[in-house]
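**Student:** This one is coords-v1.txt, compact mmCIF, C-alpha atoms.
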```txt
# COMPACT_ATOMS: atom_id res chain seq x y z
CA MET A 1 0.00 0.00 0.00
CA THR A 2 1.58 3.29 -1.11
CA PRO A 3 1.68 6.20 1.34
CA PRO A 4 -0.74 9.04 0.67
CA THR A 5 0.58 11.90 -1.45
CA ALA A 6 0.24 15.57 -0.55
CA THR A 7 -3.06 15.74 -2.43
CA GLU A 8 -4.25 12.50 -0.81
CA ALA A 9 -3.32 13.38 2.78
CA THR A 10 -5.40 11.61 5.36
CA PRO A 11 -7.55 13.58 7.81
CA ASP A 12 -5.12 12.73 10.62
CA THR A 13 -2.21 14.10 8.58
CA ARG A 14 -4.10 17.30 7.82
CA VAL A 15 -5.00 17.73 11.49
CA ALA A 16 -1.37 17.21 12.57
CA ALA A 17 -0.11 19.71 10.01
CA THR A 18 -2.70 22.26 11.12
CA ALA A 19 -1.72 21.72 14.74
CA ARG A 20 1.99 22.22 13.98
CA THR A 21 1.18 25.42 12.07
CA GLY A 22 -0.87 26.68 15.00
CA VAL A 23 1.95 25.97 17.44
CA LEU A 24 4.45 27.85 15.28
CA ARG A 25 2.11 30.80 15.01
CA ARG A 26 1.61 30.87 18.76
CA ARG A 27 5.36 30.70 19.37
CA ALA A 28 6.23 33.55 17.02
CA PRO A 29 4.64 36.35 19.14
CA TRP A 30 6.35 35.01 22.28
CA GLN A 31 9.71 34.96 20.52
CA ALA A 32 9.19 38.49 19.22
CA ALA A 33 8.14 39.67 22.68
CA LEU A 34 11.23 38.11 24.24
CA THR A 35 13.50 39.73 21.68
CA LEU A 36 11.83 43.11 22.29
CA ALA A 37 12.17 42.68 26.06
CA VAL A 38 15.88 41.99 25.67
CA LEU A 39 16.38 45.13 23.58
CA VAL A 40 14.39 47.26 26.03
CA ALA A 41 16.47 45.90 28.91
CA ALA A 42 19.64 46.83 27.03
CA ALA A 43 18.39 50.37 26.44
CA LEU A 44 17.38 50.82 30.09
CA LEU A 45 20.71 49.48 31.29
CA ALA A 46 22.60 51.86 29.01
CA LEU A 47 20.48 54.83 30.15
CA ARG A 48 21.00 53.94 33.80
CA HIS A 49 24.77 53.91 33.39
CA TRP A 50 24.99 56.65 30.75
CA PRO A 51 27.06 59.03 32.94
CA VAL A 52 29.66 56.28 33.33
CA ILE A 53 29.70 55.63 29.59
CA ALA A 54 29.97 59.32 28.71
CA SER A 55 32.65 59.98 31.31
CA GLY A 56 34.69 57.00 30.20
CA ALA A 57 34.47 58.03 26.57
CA ASP A 58 35.52 61.57 27.44
CA ARG A 59 38.50 60.43 29.52
CA LEU A 60 39.64 58.08 26.77
CA THR A 61 39.56 60.64 23.96
CA GLY A 62 43.26 61.29 24.44
CA ALA A 63 44.22 57.62 24.71
CA ASP A 64 46.49 55.91 22.21
CA PRO A 65 44.17 54.29 19.64
CA GLY A 66 46.66 51.55 18.81
CA TRP A 67 46.65 50.23 22.36
CA LEU A 68 42.86 50.52 22.54
CA LEU A 69 42.58 48.51 19.33
CA LEU A 70 44.77 45.83 20.89
CA GLY A 71 42.52 45.83 23.94
CA ALA A 72 39.39 45.53 21.81
CA THR A 73 40.94 42.63 19.88
CA ALA A 74 41.81 40.87 23.13
CA ALA A 75 38.26 41.39 24.41
CA THR A 76 36.87 39.85 21.23
CA GLY A 77 39.12 36.82 21.67
CA THR A 78 37.72 36.09 25.14
CA TRP A 79 34.49 34.73 23.64
CA ALA A 80 36.36 32.14 21.58
CA CYS A 81 38.41 31.19 24.65
CA SER A 82 35.23 30.82 26.70
CA ALA A 83 33.79 28.58 23.99
CA LEU A 84 36.97 26.49 23.97
CA ALA A 85 36.82 26.04 27.76
CA GLN A 86 33.13 25.10 27.60
CA GLN A 87 33.84 22.50 24.94
CA GLY A 88 36.61 21.14 27.13
CA ALA A 89 34.17 20.73 30.03
CA VAL A 90 32.08 18.10 28.20
CA ALA A 91 33.05 14.90 26.45
CA GLU A 92 30.46 15.38 23.70
CA SER A 93 31.26 17.50 20.64
CA LEU A 94 29.41 20.83 20.51
CA PRO A 95 28.67 22.85 17.35
CA GLY A 96 31.56 25.33 17.19
CA GLY A 97 29.92 28.34 15.55
CA ARG A 98 26.82 28.23 17.71
CA LEU A 99 28.97 27.65 20.80
CA VAL A 100 30.96 30.85 20.18
CA ALA A 101 27.74 32.78 19.47
CA ALA A 102 26.26 31.45 22.71
CA GLN A 103 29.30 32.68 24.68
CA PHE A 104 28.95 36.11 23.09
CA ALA A 105 25.27 36.17 24.02
CA ALA A 106 26.02 34.83 27.50
CA SER A 107 28.52 37.60 28.18
CA ALA A 108 25.81 40.17 27.37
CA ALA A 109 23.14 38.38 29.44
CA ASN A 110 25.58 38.26 32.34
CA HIS A 111 25.41 42.05 32.62
CA LEU A 112 21.64 41.98 33.21
CA LEU A 113 21.46 39.46 36.07
CA PRO A 114 23.62 39.13 39.21
CA ALA A 115 26.37 36.68 40.07
CA GLY A 116 26.75 35.04 36.68
CA VAL A 117 23.08 33.98 36.53
CA GLY A 118 22.63 35.36 33.01
CA ALA A 119 25.62 33.58 31.52
CA GLY A 120 24.81 30.41 33.44
CA ALA A 121 21.22 30.37 32.19
CA VAL A 122 22.27 30.92 28.57
CA ASN A 123 24.94 28.21 28.69
CA LEU A 124 22.68 25.78 30.54
CA ARG A 125 19.98 26.26 27.91
CA PHE A 126 22.50 25.86 25.10
CA LEU A 127 23.91 22.62 26.49
CA THR A 128 20.46 21.12 27.04
CA ARG A 129 19.52 22.13 23.49
CA CYS A 130 22.60 20.21 22.35
CA GLY A 131 21.17 17.08 23.96
CA LEU A 132 22.88 17.03 27.35
CA PRO A 133 20.72 16.28 30.41
CA VAL A 134 20.14 19.18 32.79
CA THR A 135 22.30 17.65 35.53
CA ARG A 136 25.17 17.02 33.13
CA SER A 137 24.85 20.55 31.77
CA ALA A 138 24.95 22.02 35.26
CA THR A 139 28.05 20.04 36.23
CA ALA A 140 29.70 21.04 32.94
CA LEU A 141 29.22 24.68 33.92
CA ALA A 142 30.65 23.91 37.36
CA VAL A 143 33.67 22.20 35.78
CA LYS A 144 34.31 25.25 33.62
CA ALA A 145 33.92 27.62 36.59
CA THR A 146 36.23 25.49 38.70
CA ALA A 147 38.89 25.47 35.99
CA GLY A 148 38.59 29.26 35.70
CA GLY A 149 39.01 29.76 39.44
CA VAL A 150 41.97 27.38 39.66
CA THR A 151 43.60 29.08 36.68
CA ARG A 152 43.25 32.54 38.23
CA GLY A 153 44.70 31.24 41.49
CA ALA A 154 47.64 29.69 39.67
CA LEU A 155 48.31 32.92 37.76
CA ILE A 156 48.22 34.93 40.98
CA ALA A 157 50.69 32.53 42.59
CA VAL A 158 53.05 32.57 39.60
CA LEU A 159 53.07 36.37 39.31
CA ALA A 160 53.43 36.86 43.07
CA LEU A 161 56.37 34.44 43.22
CA ALA A 162 57.97 35.89 40.08
CA GLY A 163 57.84 39.44 41.41
CA PRO A 164 57.57 39.71 45.21
CA GLY A 165 56.00 43.00 46.25
CA LEU A 166 54.11 43.50 42.98
CA LEU A 167 50.88 43.98 44.89
CA ARG A 168 50.59 45.47 48.38
CA LEU A 169 47.49 44.18 50.09
CA PRO A 170 45.68 46.44 52.58
CA ARG A 171 46.05 45.65 56.26
CA ALA A 172 43.10 43.93 57.89
CA SER A 173 42.43 43.86 61.61
CA THR A 174 42.61 40.60 63.51
CA VAL A 175 38.92 40.90 64.39
CA LEU A 176 37.92 41.09 60.73
CA LEU A 177 40.09 38.11 59.84
CA VAL A 178 38.64 36.01 62.65
CA ALA A 179 35.09 37.03 61.74
CA ALA A 180 35.66 36.11 58.11
CA ALA A 181 37.13 32.73 59.09
CA LEU A 182 34.17 31.97 61.39
CA ALA A 183 31.67 32.98 58.71
CA ALA A 184 33.38 30.74 56.16
CA ALA A 185 33.43 27.83 58.61
CA ALA A 186 29.73 28.27 59.39
CA LEU A 187 28.91 28.35 55.70
CA VAL A 188 30.84 25.14 55.10
CA VAL A 189 29.03 23.40 57.97
CA LEU A 190 25.58 24.52 56.80
CA LEU A 191 26.20 23.51 53.19
CA ALA A 192 28.30 20.44 53.88
CA GLY A 193 25.81 17.95 52.41
CA PRO A 194 24.86 19.84 49.22
CA VAL A 195 28.43 20.99 48.65
CA ARG A 196 29.74 17.44 49.07
CA ARG A 197 27.22 16.04 46.58
CA ALA A 198 27.90 18.81 44.07
CA ALA A 199 31.65 18.37 44.49
CA ARG A 200 31.38 14.64 43.84
CA ALA A 201 29.45 15.29 40.62
CA VAL A 202 31.99 17.87 39.46
CA VAL A 203 34.93 15.59 40.29
CA ALA A 204 33.31 12.77 38.32
CA ASP A 205 32.92 15.03 35.28
CA VAL A 206 36.47 16.32 35.65
CA ARG A 207 37.76 12.76 35.61
CA ALA A 208 35.66 11.95 32.54
CA VAL A 209 36.98 15.00 30.71
CA HIS A 210 40.61 14.22 31.59
CA ARG A 211 40.31 10.77 30.07
CA LEU A 212 40.20 12.66 26.76
CA PRO A 213 43.48 14.61 26.36
CA GLY A 214 42.01 16.95 23.77
CA ARG A 215 39.18 17.97 26.09
CA ALA A 216 41.57 18.54 28.99
CA VAL A 217 43.77 20.78 26.83
CA ALA A 218 40.70 22.72 25.67
CA LEU A 219 39.42 23.15 29.24
CA TRP A 220 42.64 24.39 30.80
CA GLY A 221 43.99 26.14 27.71
CA GLY A 222 40.73 28.00 27.15
CA SER A 223 40.52 28.99 30.83
CA LEU A 224 44.12 30.22 30.83
CA ALA A 225 43.67 32.16 27.59
CA PHE A 226 40.37 33.67 28.81
CA ALA A 227 41.92 35.07 32.00
CA SER A 228 45.08 36.19 30.20
CA LEU A 229 43.20 38.07 27.49
CA HIS A 230 41.13 39.93 30.08
CA ALA A 231 44.35 40.94 31.80
CA LEU A 232 45.72 42.02 28.42
CA VAL A 233 42.71 44.32 27.98
CA VAL A 234 43.55 46.08 31.25
CA ILE A 235 47.24 46.27 30.32
CA ALA A 236 46.38 47.74 26.91
CA VAL A 237 44.16 50.40 28.50
CA THR A 238 46.88 51.36 31.00
CA ARG A 239 49.37 51.65 28.14
CA SER A 240 46.95 53.73 26.08
CA LEU A 241 46.67 56.19 28.99
CA ALA A 242 50.43 56.12 29.72
CA VAL A 243 49.90 54.86 33.27
CA PRO A 244 53.36 54.11 34.73
CA LEU A 245 52.75 50.52 35.85
CA PRO A 246 54.60 47.39 34.66
CA PRO A 247 52.43 44.82 32.85
CA GLY A 248 53.04 42.13 35.47
CA ARG A 249 51.76 44.37 38.24
CA VAL A 250 48.66 45.30 36.21
CA ALA A 251 47.94 41.66 35.42
CA LEU A 252 48.32 40.64 39.07
CA ALA A 253 46.01 43.47 40.13
CA TYR A 254 43.37 42.30 37.66
CA PHE A 255 43.58 38.63 38.71
CA VAL A 256 43.25 39.52 42.40
CA ALA A 257 40.39 41.95 41.73
CA SER A 258 38.47 39.55 39.50
CA SER A 259 38.85 36.75 42.04
CA ALA A 260 37.52 38.99 44.82
CA ALA A 261 34.66 40.27 42.65
CA VAL A 262 33.34 36.71 42.19
CA LEU A 263 32.04 36.96 45.78
CA LEU A 264 30.01 40.09 44.99
CA PRO A 265 26.56 39.31 43.47
CA THR A 266 26.32 42.21 41.02
CA PRO A 267 25.35 41.93 37.33
CA GLY A 268 28.50 41.15 35.40
CA GLY A 269 30.56 42.24 38.39
CA ILE A 270 29.59 45.86 37.64
CA GLY A 271 30.37 47.86 40.75
CA GLY A 272 32.12 45.01 42.56
CA LEU A 273 34.85 44.42 39.99
CA ASP A 274 35.14 48.15 39.34
CA ALA A 275 35.83 48.89 43.00
CA ALA A 276 38.14 45.90 43.44
CA LEU A 277 40.12 46.69 40.29
CA ALA A 278 40.42 50.37 41.20
CA LEU A 279 41.65 49.44 44.68
CA ALA A 280 44.11 46.88 43.34
CA LEU A 281 45.53 49.33 40.80
CA SER A 282 45.82 52.04 43.45
CA LEU A 283 47.67 49.65 45.76
CA SER A 284 49.93 48.82 42.83
CA GLY A 285 50.95 52.48 42.52
CA ALA A 286 48.59 53.96 39.93
CA PRO A 287 47.37 57.55 40.49
CA GLY A 288 43.73 57.88 41.50
CA THR A 289 42.57 59.71 38.38
CA ALA A 290 44.38 57.27 36.11
CA THR A 291 42.84 54.33 38.00
CA ALA A 292 39.33 55.58 37.28
CA SER A 293 40.14 56.00 33.59
CA VAL A 294 41.61 52.48 33.34
CA VAL A 295 38.53 50.92 34.93
CA LEU A 296 36.21 52.90 32.67
CA GLY A 297 38.25 51.97 29.60
CA TYR A 298 38.21 48.30 30.54
CA ARG A 299 34.44 48.44 31.00
CA LEU A 300 33.90 50.18 27.69
CA LEU A 301 35.84 47.49 25.81
CA THR A 302 34.44 44.48 27.64
CA VAL A 303 30.88 45.55 28.54
CA TRP A 304 29.38 48.59 26.90
CA LEU A 305 30.62 48.29 23.32
CA PRO A 306 29.70 44.57 22.94
CA LEU A 307 26.49 44.80 25.02
CA LEU A 308 23.95 45.69 22.33
CA PRO A 309 25.43 43.36 19.66
CA GLY A 310 25.57 40.58 22.25
CA LEU A 311 21.92 41.04 23.18
CA LEU A 312 20.95 41.08 19.50
CA VAL A 313 22.77 37.75 19.08
CA LEU A 314 20.96 36.47 22.17
CA GLY A 315 17.59 37.37 20.68
CA LEU A 316 18.56 35.77 17.36
CA LEU A 317 19.63 32.54 19.05
CA VAL A 318 16.36 32.42 20.98
CA ARG A 319 14.39 33.04 17.81
CA ARG A 320 16.22 30.24 15.98
CA ARG A 321 15.73 27.93 18.97
CA VAL A 322 19.42 27.48 19.57
CA LEU A 323 18.59 28.60 23.13
```
Would you mind giving the structure from this file in structure tokens?

**Tutor:**
Amino acid sequence: MTPPTATEATPDTRVAATARTGVLRRRAPWQAALTLAVLVAAALLALRHWPVIASGADRLTGADPGWLLLGATAATGTWACSALAQQGAVAESLPGGRLVAAQFAASAANHLLPAGVGAGAVNLRFLTRCGLPVTRSATALAVKATAGGVTRGALIAVLALAGPGLLRLPRASTVLLVAAALAAAALVVLLAGPVRRAARAVVADVRAVHRLPGRAVALWGGSLAFASLHALVVIAVTRSLAVPLPPGRVALAYFVASSAAVLLPTPGGIGGLDAALALALSLSGAPGTATASVVLGYRLLTVWLPLLPGLLVLGLLVRRRVL
């Protein structure tokens, strides 16, 4: 018995086709509304921080454009490095082009929600769309975050040992140190069970990834390159403004500041990283006015200039059901 042709479609086939068409029509307005909401959020965010944007642009008008171009190029490369690290965190092969686009979109979403929630949500959705279970996707994000934290710690240790005295940390009272230690101990006790279970899952995924040498190289190489390129952006901005700081000291200041800012739940680290980086640069010997200009220049290259294009890519990926 031959299957029915298009002109001889059965009633069930016609009903199914009509239902699929109706679903697509219902989805289209929701996708358009989501895209519009993303664009409105971008506009509101830019308006809210417009004085910062304008001030940064004004301070950077006399900067060396060659160094700023280098910084912008380094900032662009961070998305590819993030994609490489994310691929290294899973054993399965991910679509390369869409993976890079998802990292670009995730970096923009991360500036709308606090504590990495935006980037985490985008990457979690992308991995599940690629066929990974939700639990595996979540542990893959944890593996990537762990590799990033370990890499930053290793870079801080290497730079501190290579140049003792590069960064002078502020003095903290004994009371504050004891209070911080007690708070950390209490947090560990309260979260012992969940943390232990999550750690076991992450360790299992780390072992699985390291059974594949290519994935391990991608994970650690991408994490190292991601942190290094961000430091290069800060170095390029300091050079463009003729700030008299050696590159090693600037890089160490950035690594310490970015590690401290992870603990501050602000969208994209805005505010937290700014204050930490300004403090670290000041402790490294940069003048106060120059410190503000460096932080603003770094933010312009890594946040404000890519923000609208990144959100447009985010809306496009949602519309095409990549996310």

**Student:** Which of these residues is nearest to A:Leu301, using all atoms listed in the file: A:Val217, A:Leu124, A:Leu232, A:Ala138?

**Tutor:**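 Closest to A:Leu301 of all the choices is A:Leu232.
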
**Student:** Just how far from atom CA of A:Ala257 is atom CA of A:Thr73, in Å to one decimal?

**Tutor:**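 These atoms are spaced 21.9 Å apart.
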
**Student:** Let me make sure I understand: among A:Ala109, A:Leu127, A:Ala208, A:Leu252, which one has the smallest atom-to-atom distance to A:Leu283 if we use all atoms listed in the file?

**Tutor:**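 Smallest distance to A:Leu283 is found for A:Leu252.
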
**Student:** Atom CA of A:Gly248 to atom CA of A:Gly285: how many Å, to one decimal?

**Tutor:** 12.7 Å

**Student:** Record the distance separating atom CA of A:Pro247 and atom CA of A:Val233, expressed in Å with one decimal.

**Tutor:** 10.9 Å

**Student:** Under the rule that only C-alpha atoms are counted, which of A:Arg299, A:Arg125, A:His230, A:His111 is the nearest residue to A:Thr78?

**Tutor:**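 Answer, going by the shortest atom-to-atom distance: A:His230.
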
**Student:** Determine the nearest neighbour of A:Val100 from the options A:Val313, A:Leu279, A:Lys144, A:Leu161, counting only C-alpha atoms.

**Tutor:**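 Using only C-alpha atoms, A:Val100 sits closest to A:Val313.
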
**Student:** Nearest to A:Leu281 among A:Ala91, A:Leu307, A:Val234, A:Leu316, with distances taken over only C-alpha atoms: which residue is it?

**Tutor:**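 Of the candidates, the smallest distance to A:Leu281 is held by A:Val234.
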
**Student:** Please list as a VMD selection string every residue within 10 Å of A:Leu60, counting all atoms listed in the file and excluding residues in the same chain fewer than 6 positions away.

**Tutor:** chain A and resid 54 68 237 240 to 241 293 to 294 296 to 297 300

**Student:** Output C-alpha atoms of each residue in that selection to a file, as a PDB file, keeping the file's coordinate frame.

**Tutor:**
```pdb
ATOM      1  CA  ALA A  54      29.970  59.320  28.710  1.00  0.00           C
ATOM      2  CA  LEU A  68      42.860  50.520  22.540  1.00  0.00           C
ATOM      3  CA  VAL A 237      44.160  50.400  28.500  1.00  0.00           C
ATOM      4  CA  SER A 240      46.950  53.730  26.080  1.00  0.00           C
ATOM      5  CA  LEU A 241      46.670  56.190  28.990  1.00  0.00           C
ATOM      6  CA  SER A 293      40.140  56.000  33.590  1.00  0.00           C
ATOM      7  CA  VAL A 294      41.610  52.480  33.340  1.00  0.00           C
ATOM      8  CA  LEU A 296      36.210  52.900  32.670  1.00  0.00           C
ATOM      9  CA  GLY A 297      38.250  51.970  29.600  1.00  0.00           C
ATOM     10  CA  LEU A 300      33.900  50.180  27.690  1.00  0.00           C
TER      11      LEU A 300
END
```

**Student:** Pick from A:Thr135, A:Ser223, A:Thr128, A:Thr61: nearest to A:Val150, with only C-alpha atoms counted?

**Tutor:**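 Of A:Thr135, A:Ser223, A:Thr128, A:Thr61, the one nearest A:Val150, counting only C-alpha atoms, is A:Ser223.
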
**Student:** Can you pull out the residues contacting A:Gly77? Cut-off 9 Å, using only C-alpha atoms, and skip same-chain residues under 5 positions away; I want them as a PyMOL selection string.

**Tutor:** chain A and resi 72+82+225-226+229

**Student:** Within 9 Å of A:Leu317, counting all atoms listed in the file, which residues qualify if same-chain residues fewer than 3 places away don't, as an MDAnalysis selection string?

**Tutor:** chainID A and resid 98 101:102 105 312:314 320:323

**Student:** Give me the residues near A:Leu94 as a list in words, where near means some atom within 8 Å (using only C-alpha atoms) and where sequence neighbours in that chain fewer than 4 positions away do not count.

**Tutor:**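 Selected residues are Gln87, Leu99 and Cys130 of chain A.
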